[in-house]
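Before any comments, here is the structure.
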Amino acid sequence: MQYLLSYIFLFPLLIAFVMLFIPSEHRGVFRRLALAATSVQSLLSGVLLYHFDKQLKPSSWEAAFQFVEQSDWINLGLGFIGDLRIEYYLGVDGISLPLVALSSLVLLIGVISSWNIREKVKGYFILYLILSGSIIGCFVALDFFLFYLCFEFMLLPMFFLIGIWGGERRSYASIKFFLYTLFGSLFILIVMIGLYMSIEKGGINSFSITAMLDGNYLEDSILNPAERGKIIGRPARALAFIFLLIGFGIKLPLVPVHTWLPDAHVEAPTPISVVLAGLLLKIGAYGLFRILYGVFPDMAVKYATWVASFGVLSILYGGLNALAQRDLKKMVAYSSVSHMGFVLVGLASLTSIGFSGALFHMISHGIISPALFLLAGVIYDRTHNRLMDDFSGLASKMPVYAFFTAVFFFAGLGLPGLSGFVGELMVLMGAFSTSVFGYWLAILAVLGIIISAAYFLWTIQRMFFGHYFVRESVRKENMFDLTSGEKAMFIPLALFVLLLGIFPNLILNYSNETIQFFINYISQFRP
C-alpha cells in the first residue's frame, strides 16, 4: 500500500512513454495498451477504496489524509531570496478519494469509446494517457506546486485532442479552451506564490497544502490584512479568494466565464467530451473545495452570498440556454453549466449536508454527463447529425438506445431513485438550512430543477416519441440500435446511477468524517 497512489498517478504516464518506441502502424497495440493502463488504474482505485479507513476522525488536516507519500523533490538554496522547497507529496481523504475512483471509471469508459479512432492512433492514445495521469495527479497532490503542475499539464493534451481530432471548428474551440483556462491559471499562480511566501514548514517556505489548510499562517502572513495592510485598496486575503474563485470558476465553469465549454464540447470528439464533462469540470470544483474554502475559510464566510448568487446564476442561465438548443450535444453542454451551479450553492451553504450534497452531485454528474455525451455521440456516429428537430420516433427504431437515453435523462432531471436526485436534494436542504444567505437564493435554485425537467423531457418527446421520422438530408443507412460494445459502456454507468440513487452511502460513508471536520473548521470563522 506504500506507493499505491504513485502507481495510480504515474502508471498511465509510464505506458505513454513506452508507446513512444512502438511503430505507428501497430494501431491495435496502442488501443490495448491504453485499455490495460486505465484498467490497472481502475483496479488499483478499487484497492484504494477497500483499504481506506472510513471511520478515521481527523484531529488536523495533516491527519485527515491516508496513503500519504512524502519526499523532497526540489530543494534549492537560492541565496538572498531563500530556499525553494517542492515536495512529492500525495494523499487522499474523504473528498478526493471518491473523485479518484470516478476518474478511473470515466477514463476507462473513455478508452472504450475511443476504439473507433482511425487517424493518428499513436498520438491520440499517448495524449490520452498523459491527460489521464494529470487528472489523477490533481486529485492526489498535496503540494500546491505539484497540483498546479498537473492542473496546467492537462491543457496540452486536451488542446491537441480537440484541435486534431475535433470537428469542423476544432481550431477555434481548442484555442478558446486553452486561452480561457490559461487565463484562469494565472490567477491561481499569483495566489500560489503568495501562499508559498507565507507558509513555513521545517523552517523554510513550503507549498504544502496541508500546512496551508491547518491555518498556522493566519495570525502572521503576508496575506493577512491585519499584519500587512491592503493591495490596491482591498484586503489581500479577499483578493486571493476572488482570484481563486475566478481561476477555478473558469474550469468549473461558472457563468459568466463559461463560454469556452459549449464550443469545446461541440467540437471535441465524443471520448474527449466524456472526459471533459466527467472529470475536468470536477477539477475546478475540487479546487474550490480543497484550496478556496480550505485555505480561506474566513473569506468563504464573508462572501457566501456572492458565491451562492453566482451558483444560482449558473443554474438558471445554463438551464435556459439548454432549453433553447437544437443541437443535442450543445444542450448537454449547457446542462453541465447548470448542474455545476448546484455544487457552488452547496459549498456556499457552509453546512455539512450542503458540502456532502456538493460532493455527491460532483460524482453523480461525473457519471450522468459522460453518458449523455456518449448518447449524443452514438446518434452522430450513425447519421453525422445532432439536430434534435431532424429526428422523431426513434424509440421504435432504436429501443435500447431510447431506454438508456431515458435512464440518463431522468437521472439528469433529478428523478427520485436515481443519483441526480440525491445530490440536488442535499444541496437544496443545505441552502434552505443555512444562515449565511437568504431563502430567496435557495428558491431560485429550485427553479433550475424545473428548467432541467423541461429541456430533458422536451428532448425525449421530440426525438423518441411519435411517428418514426428522419429528415431527408440525414444519413439513414446506419440507423441501427446499440452494438454490444456500446452497451458495455452504458450498462455500468446506468448501474452506478441506480445504485447511488438507492444507496447514496456508497459515497457518503467515505466523505462523512472529512466533511464534518471541514465544517467544524470553517465554523470557527462564522459570526
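FYI, nothing fancy with the C-alpha cells labels: chains A, B, ... in order, residues from 1 per chain, ligands from 1 as they appear.
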
- Query: If you run DSSP on this backbone, which residues of region 228-429 of chain A come out as strand (DSSP E or B), and could you give them as a list in words?
  - Reply: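 Filtering region 228-429 of chain A to strand (DSSP E or B) leaves Lys230, Ile231, Arg234, Pro235, Asp327, Leu387, Phe391 and Ser392 of chain A.
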
- Message: I need the helix (DSSP H, G or I) residues of region 44-267 of chain A per DSSP on the backbone, written as a PyMOL selection string.
- Response: chain A and resi 44-51+61-64+79-81+96-113+121-140+144-153+155-165+170-198+209-213+225-228+236-251+260-267

- Task: Extract, using only C-alpha atoms, all DNA, RNA and protein residues at most 6 Å from region 477-492 of chain A, discarding same-chain residues fewer than 5 positions from it, and format them as a PyMOL selection string.
- Result: chain A and resi 382+398+401

- Item | Coordinates-based distance that separates CA of Ile15 (chain A) from CA of Phe153 (chain A) (Å, one decimal) |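 Interatomic distance, CA of Phe153 (chain A) to CA of Ile15 (chain A): 17.0 Å.
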
- Shell around region 343-353 of chain A at 6 Å using only C-alpha atoms, local window under 3 positions removed, as a list in words: Ala304, Val307, Ala308, Gly311, Met340, Ser356, Gly357, Ala358, Met426, Val427, Gly430, Ala431 and Thr434 of chain A

Store the residues picked out above, limited to C-alpha atoms, as a compact mmCIF listing (two decimals), in the first residue's frame.
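What follows is the written file out-v1.txt:
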# COMPACT_ATOMS: atom_id res chain seq x y z
CA ALA A 304 -21.04 33.23 0.89
CA VAL A 307 -20.71 32.66 -4.24
CA ALA A 308 -24.27 31.35 -3.91
CA GLY A 311 -24.10 29.42 -8.44
CA MET A 340 -22.27 22.54 -11.72
CA SER A 356 -21.89 16.44 1.21
CA GLY A 357 -24.50 17.24 -1.44
CA ALA A 358 -21.98 19.23 -3.48
CA MET A 426 -28.89 17.58 -0.25
CA VAL A 427 -27.66 20.81 -1.82
CA GLY A 430 -28.20 22.82 2.88
CA ALA A 431 -29.26 26.01 1.08
CA THR A 434 -28.08 27.93 6.15

- Message: Can you tell me which residues surround Leu292 (chain A) at a distance of at most 9 Å, considering only C-alpha atoms, apart from same-chain residues fewer than 6 positions away, and format the answer as a PyMOL selection string?
- Response: chain A and resi 240-241+244-245+248+299-300

Take the residues from that selection and write them out as a PDB file, in the first residue's frame, keeping N, CA and C atoms.
ATOM      1  N   ALA A 240      -7.079  37.319  -2.760  1.00  0.00           N
ATOM      2  CA  ALA A 240      -6.675  35.943  -3.028  1.00  0.00           C
ATOM      3  C   ALA A 240      -7.897  35.053  -3.227  1.00  0.00           C
ATOM      4  N   PHE A 241      -8.923  35.239  -2.406  1.00  0.00           N
ATOM      5  CA  PHE A 241     -10.159  34.467  -2.530  1.00  0.00           C
ATOM      6  C   PHE A 241     -10.813  34.725  -3.888  1.00  0.00           C
ATOM      7  N   LEU A 244      -8.800  33.083  -6.762  1.00  0.00           N
ATOM      8  CA  LEU A 244      -9.006  31.635  -6.851  1.00  0.00           C
ATOM      9  C   LEU A 244     -10.404  31.309  -7.354  1.00  0.00           C
ATOM     10  N   LEU A 245     -11.381  32.112  -6.956  1.00  0.00           N
ATOM     11  CA  LEU A 245     -12.748  31.885  -7.444  1.00  0.00           C
ATOM     12  C   LEU A 245     -12.806  32.051  -8.965  1.00  0.00           C
ATOM     13  N   PHE A 248     -10.548  28.888 -10.561  1.00  0.00           N
ATOM     14  CA  PHE A 248     -11.241  27.607 -10.546  1.00  0.00           C
ATOM     15  C   PHE A 248     -12.636  27.719 -11.154  1.00  0.00           C
ATOM     16  N   MET A 299     -12.859  34.072   4.365  1.00  0.00           N
ATOM     17  CA  MET A 299     -13.413  34.735   3.189  1.00  0.00           C
ATOM     18  C   MET A 299     -14.617  33.959   2.631  1.00  0.00           C
ATOM     19  N   ALA A 300     -14.600  32.631   2.803  1.00  0.00           N
ATOM     20  CA  ALA A 300     -15.748  31.832   2.372  1.00  0.00           C
ATOM     21  C   ALA A 300     -17.006  32.238   3.122  1.00  0.00           C
TER      22      ALA A 300
END

Hey, could you make a per-residue contact list for region 131-227 of chain A against region 26-42 of chain A with 12 Å as the cut-off, showing the nearest pair of atoms and its distance in Å to one decimal, counting only C-alpha atoms, sorted by chain and number, as JSON lines?
{"residue": "A:Leu131", "atom": "CA", "partner": "A:Thr38", "partner_atom": "CA", "distance": 11.5}
{"residue": "A:Ser132", "atom": "CA", "partner": "A:Thr38", "partner_atom": "CA", "distance": 8.2}
{"residue": "A:Gly133", "atom": "CA", "partner": "A:Gln41", "partner_atom": "CA", "distance": 9.6}
{"residue": "A:Ile135", "atom": "CA", "partner": "A:Gln41", "partner_atom": "CA", "distance": 12.0}
{"residue": "A:Ile136", "atom": "CA", "partner": "A:Gln41", "partner_atom": "CA", "distance": 9.5}

Kindly export the residues of the current selection with N, CA and C atoms, as a PDB file, in the first residue's frame.
ATOM      1  N   LEU A 131      -3.087  12.857 -20.328  1.00  0.00           N
ATOM      2  CA  LEU A 131      -4.243  13.505 -19.710  1.00  0.00           C
ATOM      3  C   LEU A 131      -4.733  12.702 -18.502  1.00  0.00           C
ATOM      4  N   SER A 132      -4.762  11.379 -18.621  1.00  0.00           N
ATOM      5  CA  SER A 132      -5.224  10.520 -17.527  1.00  0.00           C
ATOM      6  C   SER A 132      -4.362  10.688 -16.284  1.00  0.00           C
ATOM      7  N   GLY A 133      -3.049  10.650 -16.456  1.00  0.00           N
ATOM      8  CA  GLY A 133      -2.155  10.821 -15.314  1.00  0.00           C
ATOM      9  C   GLY A 133      -2.273  12.195 -14.688  1.00  0.00           C
ATOM     10  N   ILE A 135      -4.920  14.175 -14.619  1.00  0.00           N
ATOM     11  CA  ILE A 135      -6.184  14.290 -13.874  1.00  0.00           C
ATOM     12  C   ILE A 135      -6.060  13.646 -12.508  1.00  0.00           C
ATOM     13  N   ILE A 136      -5.546  12.426 -12.460  1.00  0.00           N
ATOM     14  CA  ILE A 136      -5.361  11.753 -11.171  1.00  0.00           C
ATOM     15  C   ILE A 136      -4.418  12.548 -10.290  1.00  0.00           C
TER      16      ILE A 136
END

- Item | A:Val100, A:Val266, A:Leu84, A:Ile193 ranked by distance to Tyr172 (chain A), top pick (using only C-alpha atoms) | A:Val266

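Closest approach to Val274 (chain A) among A:Ala376, A:Val400, A:Val497, A:Leu76 is made by A:Ala376 (distances from only C-alpha atoms).
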
- Do you know which residues are at most 12 Å from Tyr317 (chain A) counting only C-alpha atoms, after dropping those on the same chain fewer than 2 positions away, and could you put them as a ChimeraX atom specification? /A:254-256,258-259,309-315,319-324,334-341,444-445,447-448,451-452
